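This is data29.txt. It holds compact mmCIF, C-alpha atoms and all ligand atoms.
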```txt
# COMPACT_ATOMS: atom_id res chain seq x y z
CA MET A 1 15.06 -9.39 -0.55
CA ILE A 2 11.73 -7.63 -0.52
CA GLY A 3 8.15 -8.89 -0.28
CA LYS A 4 6.21 -8.65 -3.55
CA ILE A 5 2.42 -8.80 -3.37
CA CYS A 6 1.47 -11.57 -5.78
CA GLY A 7 -2.24 -11.86 -4.98
CA THR A 8 -5.05 -10.05 -3.20
CA GLY A 9 -8.54 -10.92 -2.03
CA SER A 10 -11.38 -9.37 -0.10
CA TYR A 11 -14.78 -10.18 1.29
CA ALA A 12 -17.69 -8.26 2.77
CA PRO A 13 -20.98 -9.72 4.02
CA SER A 14 -23.80 -9.38 1.44
CA ASN A 15 -26.07 -7.80 4.02
CA TYR A 16 -25.73 -4.01 4.21
CA TRP A 17 -27.28 -1.06 6.00
CA ASP A 18 -27.63 2.17 4.04
CA ASN A 19 -27.81 5.59 5.64
CA ASN A 20 -31.61 5.50 5.71
CA ASP A 21 -31.44 2.30 7.76
CA LEU A 22 -29.25 4.15 10.28
CA ALA A 23 -31.68 7.08 10.30
CA LYS A 24 -34.24 4.64 11.75
CA MET A 25 -31.83 3.82 14.60
CA VAL A 26 -30.40 7.25 15.52
CA ASP A 27 -31.21 10.90 14.86
CA THR A 28 -29.37 11.36 11.56
CA SER A 29 -30.01 11.56 7.82
CA ASP A 30 -28.63 10.22 4.57
CA GLU A 31 -27.67 13.77 3.57
CA TRP A 32 -25.71 14.45 6.77
CA ILE A 33 -23.79 11.18 6.62
CA ARG A 34 -22.93 11.56 2.90
CA GLU A 35 -21.78 15.16 3.30
CA ARG A 36 -19.75 14.70 6.48
CA THR A 37 -18.26 11.26 5.83
CA GLY A 38 -18.79 10.06 2.23
CA VAL A 39 -20.34 6.83 3.53
CA VAL A 40 -23.45 5.63 1.68
CA ARG A 41 -23.73 2.12 3.04
CA ARG A 42 -21.80 -0.37 5.14
CA HIS A 43 -21.82 -4.18 5.09
CA ILE A 44 -22.94 -5.79 8.32
CA SER A 45 -22.42 -9.44 9.16
CA VAL A 46 -25.41 -11.68 9.75
CA ASP A 47 -23.73 -15.11 9.79
CA ASP A 48 -20.08 -14.23 9.27
CA THR A 49 -17.39 -13.88 11.92
CA THR A 50 -14.02 -12.15 11.81
CA VAL A 51 -12.46 -15.55 11.06
CA SER A 52 -14.95 -16.61 8.35
CA MET A 53 -14.49 -13.27 6.55
CA ALA A 54 -10.71 -13.58 6.86
CA VAL A 55 -10.85 -17.10 5.41
CA LYS A 56 -12.95 -15.98 2.41
CA ALA A 57 -10.64 -13.04 1.67
CA SER A 58 -7.60 -15.31 2.10
CA ARG A 59 -8.91 -17.99 -0.27
CA ALA A 60 -9.48 -15.31 -2.91
CA ALA A 61 -5.96 -13.92 -2.37
CA LEU A 62 -4.33 -17.36 -2.58
CA GLU A 63 -6.23 -18.14 -5.77
CA ASN A 64 -5.27 -14.77 -7.24
CA ALA A 65 -1.62 -15.43 -6.33
CA GLY A 66 -1.61 -19.04 -7.51
CA VAL A 67 -0.22 -20.05 -4.12
CA LYS A 68 -1.28 -23.24 -2.30
CA PRO A 69 -2.13 -22.93 1.43
CA GLU A 70 0.68 -25.34 2.36
CA GLU A 71 3.21 -23.01 0.72
CA LEU A 72 2.50 -20.30 3.32
CA ASP A 73 5.07 -20.08 6.08
CA LEU A 74 3.58 -17.09 7.90
CA ILE A 75 0.01 -15.89 8.47
CA ILE A 76 -0.60 -12.56 10.18
CA VAL A 77 -4.18 -11.53 10.91
CA SER A 78 -4.69 -7.93 11.90
CA THR A 79 -7.89 -7.47 13.89
CA ILE A 80 -9.40 -5.76 16.91
CA THR A 81 -12.52 -7.94 16.77
CA SER A 82 -11.14 -11.45 17.16
CA ASN A 83 -13.77 -14.18 17.75
CA LYS A 84 -11.78 -15.68 20.59
CA ILE A 85 -8.97 -14.67 22.93
CA ILE A 86 -7.31 -18.02 22.26
CA PRO A 87 -6.57 -19.46 19.81
CA CYS A 88 -5.71 -16.40 17.77
CA ALA A 89 -7.63 -15.64 14.57
CA ALA A 90 -4.55 -16.42 12.45
CA CYS A 91 -4.46 -20.01 13.81
CA GLU A 92 -8.16 -20.40 13.06
CA VAL A 93 -7.58 -19.11 9.53
CA GLN A 94 -4.68 -21.55 9.18
CA LYS A 95 -6.94 -24.44 10.22
CA GLU A 96 -9.65 -23.52 7.71
CA LEU A 97 -7.16 -23.03 4.87
CA GLY A 98 -5.08 -26.12 5.67
CA ALA A 99 -1.96 -23.95 5.74
CA VAL A 100 -0.15 -26.57 7.81
CA ASN A 101 3.35 -25.12 7.36
CA ALA A 102 2.54 -21.58 8.51
CA THR A 103 3.44 -19.87 11.77
CA CYS A 104 0.44 -17.79 12.82
CA PHE A 105 -0.21 -14.82 15.04
CA ASP A 106 -2.51 -11.80 15.30
CA MET A 107 -1.65 -8.15 15.28
CA SER A 108 -3.68 -5.47 17.09
CA ALA A 109 -3.10 -1.96 15.75
CA ALA A 110 -6.70 -1.01 14.85
CA CYS A 111 -6.96 1.05 11.66
CA SER A 112 -3.17 1.10 11.23
CA GLY A 113 -3.20 -2.70 11.36
CA PHE A 114 -2.85 -3.50 7.68
CA LEU A 115 -0.12 -0.89 7.27
CA PHE A 116 1.83 -2.15 10.29
CA GLY A 117 1.21 -5.73 9.13
CA TYR A 118 2.55 -4.80 5.70
CA ASN A 119 5.74 -3.52 7.34
CA ALA A 120 6.01 -6.64 9.49
CA ALA A 121 5.59 -8.91 6.45
CA GLN A 122 8.29 -6.95 4.63
CA ALA A 123 10.64 -7.10 7.62
CA TYR A 124 10.24 -10.87 7.97
CA ILE A 125 10.74 -11.50 4.26
CA SER A 126 13.72 -9.18 3.90
CA SER A 127 15.39 -10.77 6.93
CA GLY A 128 14.93 -14.20 5.33
CA MET A 129 12.96 -15.50 8.32
CA TYR A 130 9.82 -16.22 6.27
CA GLN A 131 9.20 -16.42 2.52
CA THR A 132 5.55 -16.80 1.60
CA VAL A 133 3.37 -14.64 3.79
CA LEU A 134 -0.39 -14.15 4.04
CA LEU A 135 -1.46 -10.86 5.61
CA VAL A 136 -5.14 -10.40 6.43
CA GLY A 137 -7.09 -7.51 7.89
CA SER A 138 -10.51 -8.65 9.12
CA GLU A 139 -12.98 -6.77 11.28
CA MET A 140 -16.48 -7.27 12.59
CA LEU A 141 -16.78 -3.74 13.93
CA SER A 142 -20.57 -4.07 14.11
CA GLN A 143 -19.93 -6.05 17.34
CA ILE A 144 -18.19 -3.18 19.14
CA VAL A 145 -19.81 -0.09 17.61
CA ASN A 146 -22.21 1.84 19.85
CA TRP A 147 -25.32 1.77 17.65
CA GLN A 148 -26.94 4.44 19.82
CA ASP A 149 -24.17 6.98 19.25
CA ARG A 150 -24.90 8.88 16.04
CA SER A 151 -21.51 10.62 16.08
CA SER A 152 -19.60 7.36 15.62
CA CYS A 153 -21.89 4.52 14.45
CA ILE A 154 -22.41 6.10 11.03
CA LEU A 155 -18.77 5.47 10.10
CA PHE A 156 -18.09 1.76 10.59
CA GLY A 157 -18.72 -1.54 8.80
CA ASP A 158 -17.58 -5.17 8.53
CA GLY A 159 -15.22 -6.75 6.00
CA ALA A 160 -11.88 -8.39 5.28
CA GLY A 161 -8.99 -8.00 2.87
CA ALA A 162 -5.89 -10.12 2.29
CA ALA A 163 -2.60 -10.08 0.42
CA VAL A 164 -0.07 -12.82 -0.35
CA PHE A 165 3.62 -11.90 -0.43
CA ARG A 166 6.51 -13.73 -2.08
CA PRO A 167 10.20 -12.78 -1.92
CA ALA A 168 11.72 -10.90 -4.85
CA GLU A 169 15.01 -9.17 -5.55
CA GLY A 170 15.12 -5.67 -4.08
CA VAL A 171 15.99 -3.53 -1.10
CA LEU A 172 13.35 -2.72 1.50
CA PRO A 173 12.65 1.04 1.42
CA PRO A 174 12.32 2.95 4.70
CA CYS A 175 8.82 3.26 6.14
CA VAL A 176 7.32 5.78 8.54
CA THR A 177 5.39 4.65 11.61
CA TYR A 178 4.33 6.39 14.79
CA SER A 179 2.39 5.61 17.96
CA ASP A 180 1.20 8.01 20.64
CA GLY A 181 -0.34 6.12 23.53
CA ALA A 182 -0.74 9.33 25.53
CA LYS A 183 -3.60 10.34 23.18
CA GLY A 184 -5.28 6.93 23.22
CA GLN A 185 -8.40 8.12 25.02
CA VAL A 186 -9.85 9.85 21.94
CA LEU A 187 -10.67 6.51 20.32
CA SER A 188 -11.19 3.65 22.74
CA CYS A 189 -13.14 0.52 23.56
CA GLU A 190 -12.57 -1.52 26.69
CA SER A 191 -12.38 -5.31 26.72
CA ARG A 192 -15.29 -7.37 28.01
CA HIS A 193 -12.70 -9.80 29.33
CA GLN A 194 -11.57 -8.05 32.49
CA LYS A 195 -12.41 -7.69 36.18
CA GLY A 196 -15.54 -5.64 36.73
CA TRP A 197 -16.62 -6.00 33.12
CA GLU A 198 -20.31 -5.95 34.05
CA GLU A 199 -19.86 -2.38 35.35
CA LYS A 200 -17.95 -1.40 32.21
CA VAL A 201 -20.75 -2.79 30.05
CA LYS A 202 -23.31 -0.78 32.07
CA GLU A 203 -21.33 2.45 31.77
CA GLY A 204 -20.97 1.84 28.01
CA SER A 205 -17.17 1.71 27.82
CA THR A 206 -17.09 -1.73 26.13
CA VAL A 207 -18.34 -0.19 22.91
CA VAL A 208 -16.43 2.29 20.75
CA TYR A 209 -15.98 5.78 22.18
CA MET A 210 -14.72 8.32 19.67
CA ASP A 211 -13.96 12.02 19.93
CA GLY A 212 -14.56 12.56 16.22
CA ARG A 213 -13.29 16.13 16.04
CA GLU A 214 -10.00 15.28 17.77
CA VAL A 215 -9.46 12.23 15.56
CA PHE A 216 -10.25 14.33 12.49
CA LYS A 217 -7.76 17.05 13.47
CA PHE A 218 -5.08 14.46 14.24
CA ALA A 219 -5.61 12.63 10.93
CA VAL A 220 -5.56 15.63 8.60
CA LYS A 221 -2.35 16.89 10.24
CA GLN A 222 -0.38 13.69 10.79
CA GLU A 223 -1.22 11.66 7.69
CA PRO A 224 0.15 14.19 5.17
CA ALA A 225 3.15 14.80 7.44
CA ALA A 226 3.89 11.05 7.49
CA ILE A 227 3.62 10.86 3.70
CA ARG A 228 5.98 13.84 3.29
CA LYS A 229 8.43 12.20 5.68
CA LEU A 230 8.20 9.00 3.65
CA MET A 231 9.05 10.94 0.49
CA GLU A 232 12.04 12.48 2.25
CA LEU A 233 13.35 9.13 3.54
CA THR A 234 12.83 7.19 0.30
CA GLY A 235 13.96 10.02 -1.98
CA GLU A 236 10.71 9.74 -3.95
CA LYS A 237 8.73 12.73 -5.20
CA LEU A 238 4.99 13.09 -4.64
CA GLU A 239 4.44 13.65 -8.37
CA ASP A 240 6.06 10.29 -9.17
CA ILE A 241 3.66 8.32 -6.99
CA ASP A 242 0.96 6.57 -9.02
CA TRP A 243 -1.52 5.85 -6.23
CA PHE A 244 -2.13 6.92 -2.65
CA ILE A 245 -4.10 4.12 -1.00
CA LEU A 246 -5.27 5.54 2.30
CA HIS A 247 -7.21 4.05 5.17
CA GLN A 248 -10.87 4.72 4.39
CA ALA A 249 -12.02 6.58 7.50
CA ASN A 250 -13.80 9.64 6.12
CA LEU A 251 -13.86 11.00 2.55
CA ARG A 252 -13.25 14.52 3.89
CA ILE A 253 -10.04 13.33 5.57
CA ILE A 254 -8.79 11.80 2.31
CA GLU A 255 -9.69 14.97 0.37
CA SER A 256 -7.93 17.08 2.96
CA VAL A 257 -4.76 14.93 2.75
CA ALA A 258 -4.78 15.25 -1.06
CA LYS A 259 -5.22 19.01 -0.77
CA ARG A 260 -2.47 19.44 1.81
CA LEU A 261 -0.09 17.39 -0.33
CA LYS A 262 -1.22 19.32 -3.44
CA VAL A 263 -1.81 16.02 -5.26
CA ASP A 264 -4.78 15.44 -7.59
CA MET A 265 -7.60 13.61 -5.82
CA ALA A 266 -7.72 11.28 -8.87
CA LYS A 267 -4.65 9.55 -7.40
CA PHE A 268 -6.56 8.82 -4.18
CA PRO A 269 -8.96 5.97 -4.97
CA THR A 270 -11.81 5.56 -2.48
CA ASN A 271 -14.48 3.01 -1.66
CA ILE A 272 -15.68 4.40 1.66
CA HIS A 273 -19.11 5.02 0.12
CA GLU A 274 -19.57 1.24 -0.14
CA TYR A 275 -18.01 -0.11 3.08
CA GLY A 276 -17.60 2.73 5.56
CA ASN A 277 -14.55 2.38 7.79
CA THR A 278 -13.57 -1.31 8.11
CA SER A 279 -10.48 -0.55 10.23
CA SER A 280 -7.58 -2.90 9.41
CA ALA A 281 -9.46 -4.30 6.39
CA SER A 282 -9.96 -1.01 4.56
CA ILE A 283 -6.61 -0.61 2.77
CA ALA A 284 -6.62 -4.31 1.84
CA ILE A 285 -10.14 -4.23 0.40
CA LEU A 286 -9.30 -1.17 -1.71
CA LEU A 287 -6.02 -2.72 -2.88
CA ASP A 288 -7.89 -5.85 -3.95
CA GLU A 289 -10.58 -3.89 -5.80
CA MET A 290 -7.92 -1.95 -7.70
CA ASN A 291 -6.00 -5.12 -8.48
CA ARG A 292 -9.09 -6.87 -9.82
CA LYS A 293 -10.07 -3.85 -11.92
CA GLY A 294 -6.60 -3.94 -13.54
CA MET A 295 -5.73 -0.49 -12.14
CA LEU A 296 -2.36 -1.63 -10.76
CA LYS A 297 0.48 -1.99 -13.28
CA GLU A 298 3.86 -3.60 -12.74
CA GLY A 299 6.39 -1.10 -11.39
CA GLN A 300 3.81 1.45 -10.22
CA LYS A 301 4.69 3.27 -7.02
CA ILE A 302 2.02 3.22 -4.36
CA VAL A 303 1.90 4.95 -1.00
CA LEU A 304 -0.05 3.08 1.68
CA SER A 305 -1.06 5.25 4.59
CA GLY A 306 -3.25 4.78 7.62
CA PHE A 307 -4.06 6.07 11.07
CA GLY A 308 -6.21 4.98 13.94
CA ALA A 309 -6.66 4.12 17.57
CA GLY A 310 -3.57 4.02 19.70
CA LEU A 311 -3.10 6.61 18.42
CA SER A 312 -1.03 5.19 15.59
CA TRP A 313 -0.24 6.18 12.02
CA GLY A 314 2.27 5.95 9.23
CA ALA A 315 3.03 5.48 5.56
CA SER A 316 4.87 2.91 3.45
CA LEU A 317 6.05 2.72 -0.12
CA LEU A 318 4.97 -0.25 -2.21
CA THR A 319 6.18 -1.00 -5.72
CA TRP A 320 3.60 -3.11 -7.55
N1 LIG B 401 -26.25 13.06 12.15
C1 LIG B 401 -26.62 14.34 12.32
N2 LIG B 401 -25.97 15.22 13.08
C2 LIG B 401 -24.87 14.77 13.70
C3 LIG B 401 -24.40 13.45 13.60
C4 LIG B 401 -25.14 12.58 12.79
N3 LIG B 401 -24.78 11.29 12.59
N4 LIG B 401 -23.29 13.29 14.33
C5 LIG B 401 -23.03 14.50 14.90
N5 LIG B 401 -23.99 15.37 14.52
C6 LIG B 401 -24.11 16.78 14.90
C7 LIG B 401 -23.39 17.14 16.15
O1 LIG B 401 -24.20 16.92 17.27
C8 LIG B 401 -23.09 18.59 15.95
O2 LIG B 401 -24.24 19.33 16.26
P1 LIG B 401 -24.10 20.77 16.98
O3 LIG B 401 -23.36 21.64 16.01
O4 LIG B 401 -25.52 21.15 17.19
O5 LIG B 401 -23.34 20.52 18.22
C9 LIG B 401 -22.86 18.70 14.45
O6 LIG B 401 -23.48 17.55 13.87
C10 LIG B 401 -21.42 18.74 14.06
O7 LIG B 401 -20.72 17.75 14.79
P2 LIG B 401 -19.19 17.48 14.57
O8 LIG B 401 -18.76 16.39 15.51
O9 LIG B 401 -18.43 18.77 14.57
O10 LIG B 401 -19.21 16.92 13.06
P3 LIG B 401 -18.00 16.64 12.13
O11 LIG B 401 -18.14 17.44 10.91
O12 LIG B 401 -16.68 16.67 12.88
O13 LIG B 401 -18.27 15.12 11.72
C11 LIG B 401 -17.37 12.96 12.24
C12 LIG B 401 -18.26 14.10 12.72
C13 LIG B 401 -17.35 11.89 13.31
C14 LIG B 401 -17.99 12.40 10.97
C15 LIG B 401 -15.93 13.49 11.95
O14 LIG B 401 -15.48 14.26 13.04
C16 LIG B 401 -14.93 12.41 11.69
O15 LIG B 401 -15.03 11.66 10.73
N6 LIG B 401 -13.89 12.32 12.53
C17 LIG B 401 -12.85 11.31 12.32
C18 LIG B 401 -13.34 9.99 12.84
C19 LIG B 401 -12.51 8.85 12.36
O16 LIG B 401 -11.89 8.90 11.32
N7 LIG B 401 -12.51 7.77 13.15
C20 LIG B 401 -11.87 6.56 12.80
C21 LIG B 401 -10.41 6.67 12.92
S1 LIG B 401 -9.65 5.24 12.34
```

Rewrite the structure from the file as structure tokens, please.
Amino acid sequence: MIGKICGTGSYAPSNYWDNNDLAKMVDTSDEWIRERTGVVRRHISVDDTTVSMAVKASRAALENAGVKPEELDLIIVSTITSNKIIPCAACEVQKELGAVNATCFDMSAACSGFLFGYNAAQAYISSGMYQTVLLVGSEMLSQIVNWQDRSSCILFGDGAGAAVFRPAEGVLPPCVTYSDGAKGQVLSCESRHQKGWEEKVKEGSTVVYMDGREVFKFAVKQEPAAIRKLMELTGEKLEDIDWFILHQANLRIIESVAKRLKVDMAKFPTNIHEYGNTSSASIAILLDEMNRKGMLKEGQKIVLSGFGAGLSWGASLLTW
């Protein structure tokens, strides 16, 4: 058995900040942000929470799939910006949806979260442990971004994306995943729920710290390598892949991956201009947009690939 995505959904708050709004907050410009990142605007929550965005994306995905909430037997929410420590966001989503038969837990893998969640959903379905799975990536990054740091705040935004999986005949292809905790310091944010948190807040370590250059170098090297490894393990050829749906972190990173793989950029859809980097929601939002535009055809081969804090990264093969 394999998990087949039978519905997708996404949600972003209607409120947004464009680059000129950020230029009023930090020393930057629309031109610099567009050229260096590809971001034009990012959606920022006013009334939404990580859970409310996850619920809206999930309702859209369930409707798209024609699946009733009570049919779900597993809900995984990937997030690094959970509203509460307990209960987990997935249980709160379950409550709002009325998905009374689902087992629920959260996953924390930052920007690799949707990719790792995709692999987890596939593993559970192919083992027969669960059948109808809802996977959600939801992030309110505006709560942890350092809005005084021009080298990082320009990248991030809020949003959620979801996918519903059902079992189908097939064999689970190999996937490629990596973690390197020894390099974790280049992208970090400490919890406000720990001893001495007041000091941590004062020193500014409870908001995102990012060594942008190091993350950039890591991403442009490791993401194409992971995709090549995936091709090797699955026996697929790059030219036979219809779409490369990558984590939307920086347009220049995506262009560099396409160039290194020698694949036409037309196969790398992007929406970073609209949302910025929404961490574990980004792949799911893009997948949903493509699905709703009718860009995804039955049998198409899609590579999902992401990277992020941890460090963590990888690539998976999805047949639509
Ligand atoms: N506006 C204007 N100037 C800025 C700026 C901003 N928002 N941010 C940095 N600069 C300046 C720097 O101070 C530096 O000035 P200097 O040359 O006088 O020292 C110059 O621009 C270049 O800085 P640099 O950090 O080399 O820019 P960059 O081209 O690497 O772009 C990032 C910075 C953050 C956009 C880029 O490194 C990046 O996207 N990295 C990956 C981050 C990422 O993907 N994180 C999420 C992972 S999931």

Could you work out an axis-aligned box for ligand LIG 401 (chain B), taking every atom the file lists and adding 8 Å on each side, and report centre and edge lengths in Å to one decimal, as JSON?
```
{"center_x": -18.1, "center_y": 13.4, "center_z": 14.5, "size_x": 33.0, "size_y": 32.4, "size_z": 23.5}
```

Query raised in the report: What is the distance between CA of Thr8 in chain A and CA of Thr81 in chain A, in Å to one decimal?
Result: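 So the two atoms, CA of Thr8 in chain A and CA of Thr81 in chain A, lie 21.4 Å apart.
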
Query raised in the report: Taking only C-alpha atoms and all ligand atoms into account, which residues are within 6 Å of ligand LIG 401 (chain B), as a list of chain:residue names?
Result: A:Thr28, A:Ser29, A:Trp32, A:Arg36, A:Thr37, A:Cys111, A:Arg150, A:Ser151, A:Ser152, A:Ile154, A:Gly212, A:Arg213, A:Val215, A:Phe216, A:Ala249, A:Asn250, A:Phe307, A:Gly308

Query raised in the report: Which distance in Å separates CA of Phe105 in chain A and CA of Cys91 in chain A, to one decimal?
Result: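 If I compute the distance from CA of Phe105 in chain A to CA of Cys91 in chain A, I get 6.8 Å.
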
Query raised in the report: Nearest to Gln94 in chain A among A:Met129, A:Val51, A:Glu298, A:Ser45, with distances taken over all atoms listed in the file: which residue is it?
Result: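 Nearest candidate to Gln94 in chain A out of A:Met129, A:Val51, A:Glu298, A:Ser45: A:Val51.
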
Report task. Please identify all polymer residues within 12 Å of Arg59 in chain A, counting all atoms listed in the file, omitting same-chain residues fewer than 2 positions from it, and present them as a ChimeraX atom specification. Result -> /A:7-11,52-57,61-69,93-94,96-99,134-136,160-164

Kindly save the residues from that selection, with C-alpha atoms included, as a short mmCIF file (atom, residue, chain, number, x, y, z; two decimals), keeping the file's coordinate frame.
```cif
data_model
loop_
_atom_site.label_atom_id
_atom_site.label_comp_id
_atom_site.auth_asym_id
_atom_site.auth_seq_id
_atom_site.Cartn_x
_atom_site.Cartn_y
_atom_site.Cartn_z
CA GLY A 7 -2.24 -11.86 -4.98
CA THR A 8 -5.05 -10.05 -3.20
CA GLY A 9 -8.54 -10.92 -2.03
CA SER A 10 -11.38 -9.37 -0.10
CA TYR A 11 -14.78 -10.18 1.29
CA SER A 52 -14.95 -16.61 8.35
CA MET A 53 -14.49 -13.27 6.55
CA ALA A 54 -10.71 -13.58 6.86
CA VAL A 55 -10.85 -17.10 5.41
CA LYS A 56 -12.95 -15.98 2.41
CA ALA A 57 -10.64 -13.04 1.67
CA ALA A 61 -5.96 -13.92 -2.37
CA LEU A 62 -4.33 -17.36 -2.58
CA GLU A 63 -6.23 -18.14 -5.77
CA ASN A 64 -5.27 -14.77 -7.24
CA ALA A 65 -1.62 -15.43 -6.33
CA GLY A 66 -1.61 -19.04 -7.51
CA VAL A 67 -0.22 -20.05 -4.12
CA LYS A 68 -1.28 -23.24 -2.30
CA PRO A 69 -2.13 -22.93 1.43
CA VAL A 93 -7.58 -19.11 9.53
CA GLN A 94 -4.68 -21.55 9.18
CA GLU A 96 -9.65 -23.52 7.71
CA LEU A 97 -7.16 -23.03 4.87
CA GLY A 98 -5.08 -26.12 5.67
CA ALA A 99 -1.96 -23.95 5.74
CA LEU A 134 -0.39 -14.15 4.04
CA LEU A 135 -1.46 -10.86 5.61
CA VAL A 136 -5.14 -10.40 6.43
CA ALA A 160 -11.88 -8.39 5.28
CA GLY A 161 -8.99 -8.00 2.87
CA ALA A 162 -5.89 -10.12 2.29
CA ALA A 163 -2.60 -10.08 0.42
CA VAL A 164 -0.07 -12.82 -0.35
#
```
